[in-house]
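Visitor: Encoded as structure tokens, here's the structure I'll be asking about.
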Amino acid sequence: MKIGITCYPTYGGSGALATELGIALAARGHEVHFITYAQPFRLPSFLPRVYFHEVDVGRYPLFEYPPYDLALAVRMHEVVRDHQLDVLHCHYAIPHATSAWIARSMLREEGSDVKVVTTLHGTDITIVGQERSFYSITKFSIEKSHAVTAVSDFLRDETYRAFGCVGCQVDVIHNFIDPHLYDRSRHVFPIPVDVTKGRKVVMHISNFRPVKRVRDIVKTFARINREVPSVLIMIGDGPERVEAEAEARELGVAEHVHFLGKIDAIAPLLAGADLFLLTSDSESFGLSALEALASGVPVIGAHAGGLPEVVVHGVTGYLYPVGDVEAMARAGVGLLRDGKRWQAMSNAAAADARTRFSEDAIVAQYEALYERTLAAASVSSGTAMDVLPSISPSSSTT
Ligand code: GMT
């Protein structure tokens with residue numbers, strides 16, 4: 001198949017997942033075309049059958065807000081037309097699925113077509129998509145996709161609840177890991193020993209947006225550090241980083257908290273971690289938590305959104321109510337002090353991640369979805385909406 005993938009190229013789970021999917025599809029013989037405004041952060045410079053098409057928004061003095069969605073639609077239209085793509089796979093509903101709908105409308109005017117698959121990742125449904133400014137276009141764009149997937153049961157149910165849905169179909173296809181890459185025995189931990197000084201390594205990776213509650217990460221760590229000599233390695237960057245730095249200073253642990261910034265290759269870092277923290281307000285899946293588990297790192301975090309579908313409480317980690325940093329820290333201290341229990345949980349985490357979220361099985365689910373969508377479309381000469389029933393108006397939210 002020839003597949004176009006549009007995602008946010010910036011540091012974050014949806015871009016990471018979309019890129020890993022594209023790479024895996026190309027390895028299985030498909031032709032993959034990334035269409036976005038910058039090279040996705042996890043995309044290496046060259047891979048066979050993988051192409052990158054940059055969207056140029058240009059500059060025009062009249063535009064205080066350059067219309068990226070239109071420039072994206074134009075690029076999608078060109079790439080589908082010039083490379084005869086079968087499928088446009090949009091990751092994160094807005095504006096990607098909206099632009100795909102425009103590109104498809106242009107193609108149909110010319111007598112050709114493309115199938116649109118949209119994967120919902122999280123805040124496109126739970127936060128941004130429910131804002132008044134975006135609610136109706138999010139709903140429209142989901143409805144106009146030929147197939148829609150969500151990365152967790154939680155996110156599928158939240159889509160039905162928030163956008164109203166009678167008889168519509170959102171398929172759950174979970175995020176995945178490459179078991180070979182996230183194997184702690186394969187890596188050398190790149191952090192110099194004079195940083196850790198024999199201390200336990202607690203880790204967090206995110207884009208430091210408010211939803212991640214990174215101050216709770218520091219609060220939890222500070223409590224752990226009182227009982228167990230440890231360091232906190234913070235990977236990523238974003239608007240709440242300064243708050244996290246301030247929290248570390250206020251709690252007197254700044255010398256043990258290391259902010260490394262945005263790092264693409266996280267497997268070697270996870271391979272040296274003893275504990276991973278994810279304290280988000282809401283987390284539709286928690287790809288970084290899955291990458292930690294696959295690396296044999298138990299996860300402690302918030303019982304929020306789809307995270308309980310990834311972390312098995314008491315088996316591969318521990319989950320507590322959002323904001324309960326005391327309970328999270330207690331669980332962390334107990335685990336870090338008990339080597340035997342830690343090893344059992346580390347083994348269980350690595351095994352469970354491989355059993356339920358392995359790349360091969362999950363990429364095959366996407367391939368099957370593309371094939372179903374193309375087959376359904378080929379027996380139908382009608383509109384996109386003939387393929388799958390659409391979300392219809394019922395409950396509202398905002
Ligand atoms: O939805 C977002 O906030 C963006 C996205 C990202 O790019 O970071 O994160 C979401 O998608 C990831 C990949 O599917 C999930 O693992 C994250 O849980 C999810 N983030 C939230 O729900 C906050």
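Just remember, in the structure tokens the first chain shown is A, the second B, etc., residues are 1-based per chain, and ligands are 1-based in the order shown.
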Using only C-alpha atoms, determine which residues lie at most 12 Å from Gly272 (chain A), disregarding the query and same-chain residues fewer than 5 positions distant; provide the list as an MDAnalysis selection string.
Guide: chainID A and resid 182:193 196 198:203 231:233 266:267 292 295:297
Visitor: Could you report the residues within 8 Å of ligand 1, using only C-alpha atoms and all ligand atoms, as a ChimeraX atom specification?
Guide: /A:8,10-17,92,120-126,151,174-175,206-207,211-212,280-288,305-307
Visitor: Give me every alpha helix (DSSP H) residue in region 28-139 of chain A, going by DSSP on the backbone, as a VMD selection string.
Guide: chain A and resid 68 to 83 96 to 109 123 to 126 135 to 139
Visitor: Show which residues sit within 8 Å of region 50-52 of chain A, as a PDB file with N, CA and C atoms, in the first residue's frame. Count only C-alpha atoms, and ignore same-chain residues fewer than 6 positions away.
Guide:
ATOM      1  N   GLY A  22       5.017   4.533  10.817  1.00  0.00           N
ATOM      2  CA  GLY A  22       5.460   4.703   9.435  1.00  0.00           C
ATOM      3  C   GLY A  22       6.712   3.886   9.139  1.00  0.00           C
ATOM      4  N   ILE A  23       7.653   3.918  10.081  1.00  0.00           N
ATOM      5  CA  ILE A  23       8.902   3.166   9.892  1.00  0.00           C
ATOM      6  C   ILE A  23       8.600   1.656   9.818  1.00  0.00           C
ATOM      7  N   ALA A  26       6.950   0.741   6.520  1.00  0.00           N
ATOM      8  CA  ALA A  26       7.934   0.715   5.425  1.00  0.00           C
ATOM      9  C   ALA A  26       8.763  -0.563   5.496  1.00  0.00           C
ATOM     10  N   GLU A  31       4.901   1.756   1.058  1.00  0.00           N
ATOM     11  CA  GLU A  31       5.546   3.043   0.767  1.00  0.00           C
ATOM     12  C   GLU A  31       4.894   4.081   1.680  1.00  0.00           C
ATOM     13  N   VAL A  32       5.718   4.819   2.407  1.00  0.00           N
ATOM     14  CA  VAL A  32       5.181   5.726   3.426  1.00  0.00           C
ATOM     15  C   VAL A  32       5.627   7.156   3.143  1.00  0.00           C
ATOM     16  N   HIS A  33       4.660   8.075   3.147  1.00  0.00           N
ATOM     17  CA  HIS A  33       4.945   9.486   2.888  1.00  0.00           C
ATOM     18  C   HIS A  33       4.517  10.324   4.090  1.00  0.00           C
ATOM     19  N   PHE A  34       5.487  10.894   4.802  1.00  0.00           N
ATOM     20  CA  PHE A  34       5.146  11.801   5.904  1.00  0.00           C
ATOM     21  C   PHE A  34       4.873  13.189   5.330  1.00  0.00           C
ATOM     22  N   ILE A  35       3.760  13.782   5.749  1.00  0.00           N
ATOM     23  CA  ILE A  35       3.397  15.118   5.251  1.00  0.00           C
ATOM     24  C   ILE A  35       3.161  15.996   6.481  1.00  0.00           C
ATOM     25  N   THR A  36       4.079  16.886   6.761  1.00  0.00           N
ATOM     26  CA  THR A  36       3.946  17.758   7.923  1.00  0.00           C
ATOM     27  C   THR A  36       4.939  18.918   7.792  1.00  0.00           C
ATOM     28  N   GLN A  39      10.485  17.756   9.793  1.00  0.00           N
ATOM     29  CA  GLN A  39      10.835  16.334   9.887  1.00  0.00           C
ATOM     30  C   GLN A  39      10.445  15.819  11.278  1.00  0.00           C
TER      31      GLN A  39
END
Visitor: Quick one: everything within 8 Å of Leu290 (chain A), counting only C-alpha atoms, minus sequence neighbours fewer than 6 positions away in the same chain. Send it as number ranges by chain.
Guide: A: 176-177, 310-311, 353
Visitor: Okay, now the selection with C-alpha atoms, as a PDB file, in the first residue's frame?
Guide:
ATOM      1  CA  PHE A 176       3.126  -0.218  20.696  1.00  0.00           C
ATOM      2  CA  ILE A 177       6.836  -0.688  21.359  1.00  0.00           C
ATOM      3  CA  VAL A 310      -1.138   0.116  30.374  1.00  0.00           C
ATOM      4  CA  VAL A 311       0.137  -0.170  33.967  1.00  0.00           C
ATOM      5  CA  ALA A 353       4.667  -4.853  27.559  1.00  0.00           C
TER       6      ALA A 353
END
Visitor: Among region 208-347 of chain A, which residues does DSSP mark as strand (DSSP E or B) when it is run on the backbone? Keep the chain and numbering as in the structure and answer as a CSV table (one decimal) with C-alpha atoms, in the first residue's frame.
Guide:
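Written output follows (states_21.csv):
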chain,number,residue,atom,x,y,z
A,230,SER,CA,18.2,9.0,44.5
A,231,VAL,CA,18.4,11.3,41.5
A,232,LEU,CA,15.5,12.5,39.3
A,233,ILE,CA,16.3,12.6,35.5
A,234,MET,CA,13.8,14.9,33.7
A,235,ILE,CA,13.7,14.4,29.9
A,236,GLY,CA,11.8,16.7,27.5
A,257,VAL,CA,17.2,16.9,39.8
A,258,HIS,CA,18.7,16.9,36.3
A,259,PHE,CA,16.9,18.4,33.3
A,260,LEU,CA,18.3,17.0,30.1
A,261,GLY,CA,16.0,18.6,27.6
A,275,LEU,CA,11.5,4.0,38.5
A,276,PHE,CA,9.4,5.9,36.0
A,277,LEU,CA,6.9,8.6,37.2
A,278,LEU,CA,3.8,9.8,35.3
A,299,VAL,CA,5.9,2.9,36.7
A,300,ILE,CA,4.3,4.9,39.5
A,301,GLY,CA,1.6,7.3,38.5
A,302,ALA,CA,-1.9,8.6,38.4
A,313,HIS,CA,-1.5,-1.9,39.5
A,317,GLY,CA,3.6,-0.6,38.8
A,318,TYR,CA,1.3,1.4,41.1
A,319,LEU,CA,-1.4,3.9,40.3
A,320,TYR,CA,-3.0,6.3,42.8
Visitor: Contacts of Val117 (chain A) at 8 Å or less, counting only C-alpha atoms, minus same-chain residues fewer than 6 places along, as a compact mmCIF listing (two decimals) with N, CA, C and O atoms, in the first residue's frame?
Guide:
# COMPACT_ATOMS: atom_id res chain seq x y z
N VAL A 87 -4.09 5.68 1.13
CA VAL A 87 -4.63 6.05 2.44
C VAL A 87 -3.90 7.29 2.95
O VAL A 87 -2.68 7.40 2.80
N LEU A 88 -4.65 8.20 3.57
CA LEU A 88 -4.05 9.30 4.35
C LEU A 88 -4.35 9.00 5.80
O LEU A 88 -5.52 8.95 6.19
N HIS A 89 -3.32 8.78 6.61
CA HIS A 89 -3.53 8.44 8.02
C HIS A 89 -3.19 9.66 8.88
O HIS A 89 -2.01 10.05 8.97
N CYS A 90 -4.20 10.25 9.48
CA CYS A 90 -4.02 11.47 10.27
C CYS A 90 -3.90 11.12 11.74
O CYS A 90 -4.77 10.46 12.30
N SER A 145 -14.08 11.03 8.42
CA SER A 145 -13.01 10.05 8.18
C SER A 145 -13.64 8.72 7.80
O SER A 145 -14.72 8.37 8.29
N HIS A 146 -12.96 7.94 6.97
CA HIS A 146 -13.48 6.62 6.62
C HIS A 146 -13.37 5.66 7.79
O HIS A 146 -14.17 4.75 7.93
N ALA A 147 -12.30 5.81 8.58
CA ALA A 147 -12.11 4.95 9.75
C ALA A 147 -11.48 5.79 10.85
O ALA A 147 -10.70 6.70 10.58
N VAL A 148 -11.86 5.47 12.08
CA VAL A 148 -11.36 6.22 13.23
C VAL A 148 -10.83 5.23 14.25
O VAL A 148 -11.50 4.23 14.56
N THR A 149 -9.64 5.50 14.78
CA THR A 149 -9.13 4.66 15.86
C THR A 149 -8.81 5.54 17.07
O THR A 149 -8.56 6.74 16.93
N TYR A 370 -6.48 -0.67 7.30
CA TYR A 370 -6.34 -0.04 5.97
C TYR A 370 -7.00 -0.93 4.91
O TYR A 370 -7.72 -0.45 4.03
Visitor: I'd like the contact shell of Pro298 (chain A) - 10 Å cut-off, only C-alpha atoms, skipping same-chain residues fewer than 5 positions apart - returned as a PDB file with N, CA, C and O atoms, in the first residue's frame.
Guide:
ATOM      1  N   ALA A 273      17.142   3.268  34.309  1.00  0.00           N
ATOM      2  CA  ALA A 273      16.204   3.815  35.302  1.00  0.00           C
ATOM      3  C   ALA A 273      15.704   2.720  36.247  1.00  0.00           C
ATOM      4  O   ALA A 273      15.570   1.562  35.866  1.00  0.00           O
ATOM      5  N   ASP A 274      15.430   3.135  37.488  1.00  0.00           N
ATOM      6  CA  ASP A 274      14.858   2.207  38.471  1.00  0.00           C
ATOM      7  C   ASP A 274      13.363   2.417  38.628  1.00  0.00           C
ATOM      8  O   ASP A 274      12.648   1.513  39.055  1.00  0.00           O
ATOM      9  N   LEU A 275      12.909   3.628  38.322  1.00  0.00           N
ATOM     10  CA  LEU A 275      11.491   3.958  38.530  1.00  0.00           C
ATOM     11  C   LEU A 275      11.100   5.032  37.533  1.00  0.00           C
ATOM     12  O   LEU A 275      11.883   5.947  37.264  1.00  0.00           O
ATOM     13  N   PHE A 276       9.880   4.911  36.970  1.00  0.00           N
ATOM     14  CA  PHE A 276       9.389   5.936  36.049  1.00  0.00           C
ATOM     15  C   PHE A 276       8.150   6.559  36.667  1.00  0.00           C
ATOM     16  O   PHE A 276       7.270   5.841  37.165  1.00  0.00           O
ATOM     17  N   LEU A 277       8.059   7.885  36.649  1.00  0.00           N
ATOM     18  CA  LEU A 277       6.905   8.585  37.228  1.00  0.00           C
ATOM     19  C   LEU A 277       6.082   9.243  36.124  1.00  0.00           C
ATOM     20  O   LEU A 277       6.623   9.875  35.216  1.00  0.00           O
ATOM     21  N   ALA A 289       5.155   5.743  29.417  1.00  0.00           N
ATOM     22  CA  ALA A 289       5.065   4.723  30.470  1.00  0.00           C
ATOM     23  C   ALA A 289       5.258   3.331  29.866  1.00  0.00           C
ATOM     24  O   ALA A 289       5.946   2.478  30.437  1.00  0.00           O
ATOM     25  N   LEU A 290       4.666   3.113  28.694  1.00  0.00           N
ATOM     26  CA  LEU A 290       4.832   1.804  28.038  1.00  0.00           C
ATOM     27  C   LEU A 290       6.298   1.571  27.676  1.00  0.00           C
ATOM     28  O   LEU A 290       6.824   0.461  27.851  1.00  0.00           O
ATOM     29  N   ALA A 292       8.832   2.751  29.193  1.00  0.00           N
ATOM     30  CA  ALA A 292       9.530   2.458  30.446  1.00  0.00           C
ATOM     31  C   ALA A 292       9.290   0.996  30.852  1.00  0.00           C
ATOM     32  O   ALA A 292      10.238   0.260  31.158  1.00  0.00           O
ATOM     33  N   LEU A 293       8.026   0.572  30.841  1.00  0.00           N
ATOM     34  CA  LEU A 293       7.705  -0.804  31.233  1.00  0.00           C
ATOM     35  C   LEU A 293       8.471  -1.801  30.367  1.00  0.00           C
ATOM     36  O   LEU A 293       9.040  -2.771  30.869  1.00  0.00           O
ATOM     37  N   VAL A 311      -0.568   0.221  32.741  1.00  0.00           N
ATOM     38  CA  VAL A 311       0.137  -0.170  33.967  1.00  0.00           C
ATOM     39  C   VAL A 311      -0.797  -1.044  34.797  1.00  0.00           C
ATOM     40  O   VAL A 311      -1.899  -0.618  35.154  1.00  0.00           O
ATOM     41  N   VAL A 312      -0.360  -2.265  35.097  1.00  0.00           N
ATOM     42  CA  VAL A 312      -1.197  -3.166  35.915  1.00  0.00           C
ATOM     43  C   VAL A 312      -0.832  -2.930  37.381  1.00  0.00           C
ATOM     44  O   VAL A 312       0.272  -3.282  37.814  1.00  0.00           O
ATOM     45  N   GLY A 314       0.040  -3.013  41.006  1.00  0.00           N
ATOM     46  CA  GLY A 314       0.521  -4.096  41.867  1.00  0.00           C
ATOM     47  C   GLY A 314       1.327  -5.151  41.132  1.00  0.00           C
ATOM     48  O   GLY A 314       1.947  -6.006  41.760  1.00  0.00           O
ATOM     49  N   VAL A 315       1.320  -5.105  39.808  1.00  0.00           N
ATOM     50  CA  VAL A 315       2.057  -6.110  39.025  1.00  0.00           C
ATOM     51  C   VAL A 315       3.209  -5.466  38.250  1.00  0.00           C
ATOM     52  O   VAL A 315       4.354  -5.916  38.316  1.00  0.00           O
ATOM     53  N   THR A 316       2.896  -4.379  37.515  1.00  0.00           N
ATOM     54  CA  THR A 316       3.955  -3.719  36.736  1.00  0.00           C
ATOM     55  C   THR A 316       4.217  -2.294  37.243  1.00  0.00           C
ATOM     56  O   THR A 316       5.049  -1.585  36.700  1.00  0.00           O
ATOM     57  N   GLY A 317       3.464  -1.883  38.240  1.00  0.00           N
ATOM     58  CA  GLY A 317       3.642  -0.551  38.820  1.00  0.00           C
ATOM     59  C   GLY A 317       2.525  -0.271  39.802  1.00  0.00           C
ATOM     60  O   GLY A 317       1.815  -1.190  40.229  1.00  0.00           O
ATOM     61  N   TYR A 318       2.370   1.004  40.138  1.00  0.00           N
ATOM     62  CA  TYR A 318       1.327   1.390  41.105  1.00  0.00           C
ATOM     63  C   TYR A 318       0.673   2.685  40.636  1.00  0.00           C
ATOM     64  O   TYR A 318       1.359   3.622  40.221  1.00  0.00           O
ATOM     65  N   GLY A 332       6.925   4.147  45.881  1.00  0.00           N
ATOM     66  CA  GLY A 332       8.265   4.210  45.296  1.00  0.00           C
ATOM     67  C   GLY A 332       9.335   3.790  46.294  1.00  0.00           C
ATOM     68  O   GLY A 332      10.222   2.989  45.979  1.00  0.00           O
ATOM     69  N   LEU A 335       9.247   0.029  46.979  1.00  0.00           N
ATOM     70  CA  LEU A 335       9.778  -0.765  45.866  1.00  0.00           C
ATOM     71  C   LEU A 335      11.296  -0.642  45.762  1.00  0.00           C
ATOM     72  O   LEU A 335      12.003  -1.640  45.575  1.00  0.00           O
ATOM     73  N   TRP A 342      11.438  -5.423  43.492  1.00  0.00           N
ATOM     74  CA  TRP A 342      11.730  -4.589  42.321  1.00  0.00           C
ATOM     75  C   TRP A 342      12.043  -5.467  41.108  1.00  0.00           C
ATOM     76  O   TRP A 342      11.515  -5.253  40.013  1.00  0.00           O
ATOM     77  N   GLN A 343      12.888  -6.494  41.318  1.00  0.00           N
ATOM     78  CA  GLN A 343      13.281  -7.342  40.183  1.00  0.00           C
ATOM     79  C   GLN A 343      12.067  -8.075  39.608  1.00  0.00           C
ATOM     80  O   GLN A 343      11.903  -8.179  38.385  1.00  0.00           O
ATOM     81  N   ALA A 344      11.188  -8.553  40.499  1.00  0.00           N
ATOM     82  CA  ALA A 344      10.000  -9.279  40.031  1.00  0.00           C
ATOM     83  C   ALA A 344       9.110  -8.343  39.218  1.00  0.00           C
ATOM     84  O   ALA A 344       8.585  -8.704  38.155  1.00  0.00           O
ATOM     85  N   MET A 345       8.964  -7.109  39.717  1.00  0.00           N
ATOM     86  CA  MET A 345       8.106  -6.151  39.013  1.00  0.00           C
ATOM     87  C   MET A 345       8.750  -5.716  37.692  1.00  0.00           C
ATOM     88  O   MET A 345       8.062  -5.559  36.678  1.00  0.00           O
ATOM     89  N   SER A 346      10.045  -5.554  37.688  1.00  0.00           N
ATOM     90  CA  SER A 346      10.755  -5.183  36.460  1.00  0.00           C
ATOM     91  C   SER A 346      10.561  -6.280  35.405  1.00  0.00           C
ATOM     92  O   SER A 346      10.250  -5.993  34.238  1.00  0.00           O
ATOM     93  N   ASN A 347      10.712  -7.525  35.811  1.00  0.00           N
ATOM     94  CA  ASN A 347      10.525  -8.642  34.867  1.00  0.00           C
ATOM     95  C   ASN A 347       9.090  -8.674  34.354  1.00  0.00           C
ATOM     96  O   ASN A 347       8.839  -8.859  33.157  1.00  0.00           O
ATOM     97  N   ALA A 348       8.143  -8.480  35.274  1.00  0.00           N
ATOM     98  CA  ALA A 348       6.724  -8.518  34.883  1.00  0.00           C
ATOM     99  C   ALA A 348       6.409  -7.382  33.916  1.00  0.00           C
ATOM    100  O   ALA A 348       5.662  -7.563  32.944  1.00  0.00           O
ATOM    101  N   ALA A 349       7.001  -6.218  34.157  1.00  0.00           N
ATOM    102  CA  ALA A 349       6.745  -5.047  33.298  1.00  0.00           C
ATOM    103  C   ALA A 349       7.237  -5.323  31.881  1.00  0.00           C
ATOM    104  O   ALA A 349       6.519  -5.113  30.893  1.00  0.00           O
ATOM    105  N   ALA A 350       8.473  -5.808  31.772  1.00  0.00           N
ATOM    106  CA  ALA A 350       9.048  -6.071  30.446  1.00  0.00           C
ATOM    107  C   ALA A 350       8.237  -7.151  29.718  1.00  0.00           C
ATOM    108  O   ALA A 350       7.968  -7.035  28.515  1.00  0.00           O
TER     109      ALA A 350
END
Visitor: Please report the interatomic distance between CA of Lys2 (chain A) and CA of Gln84 (chain A) in Å with one decimal.
Guide: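 Calculated distance between CA of Lys2 (chain A) and CA of Gln84 (chain A) is 7.3 Å.
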Visitor: Would you kindly return, as an NGL selection string, each protein, DNA or RNA residue with an atom no farther than 9 Å from any atom of Asp153 (chain A), considering only C-alpha atoms and excluding same-chain residues fewer than 3 positions away?
Guide: :A and (150 or 156-158 or 171-174 or 284 or 306 or 309)
Visitor: Produce a file of the selected residues containing C-alpha atoms, as a compact mmCIF listing (two decimals), in the first residue's frame.
Guide:
# COMPACT_ATOMS: atom_id res chain seq x y z
CA ALA A 150 -8.42 5.58 19.49
CA ARG A 156 -12.84 5.58 22.59
CA ASP A 157 -15.44 5.90 25.36
CA GLU A 158 -14.59 9.55 25.92
CA ASP A 171 -11.73 1.01 16.84
CA VAL A 172 -9.20 0.75 19.64
CA ILE A 173 -5.66 0.13 18.45
CA HIS A 174 -3.22 0.52 21.31
CA SER A 284 -5.17 8.73 27.17
CA GLY A 306 -6.14 5.11 29.88
CA GLU A 309 -4.93 -0.07 30.66
Visitor: Between CA of Asp352 (chain A) and CA of Pro308 (chain A), what is the spacing in Å?
Guide: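 Interatomic distance here is 13.2 Å.
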Visitor: Determine the nearest neighbour of Asp324 (chain A) from the options A:Thr98, A:Ser45, A:Ser133, A:Thr279, counting only C-alpha atoms.
Guide: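 The answer is A:Thr279, which sits nearest to Asp324 (chain A).
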Visitor: Determine the nearest neighbour of Asp216 (chain A) from the options A:Ala93, A:Ala162, A:Ile102, A:Ala248, counting only C-alpha atoms.
Guide: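 Of A:Ala93, A:Ala162, A:Ile102, A:Ala248, the one nearest Asp216 (chain A), counting only C-alpha atoms, is A:Ala248.
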Visitor: Please measure the separation of CA of Arg223 (chain A) and CA of Arg330 (chain A), giving the value in Å to one decimal.
Guide: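 A separation of 8.1 Å between them.
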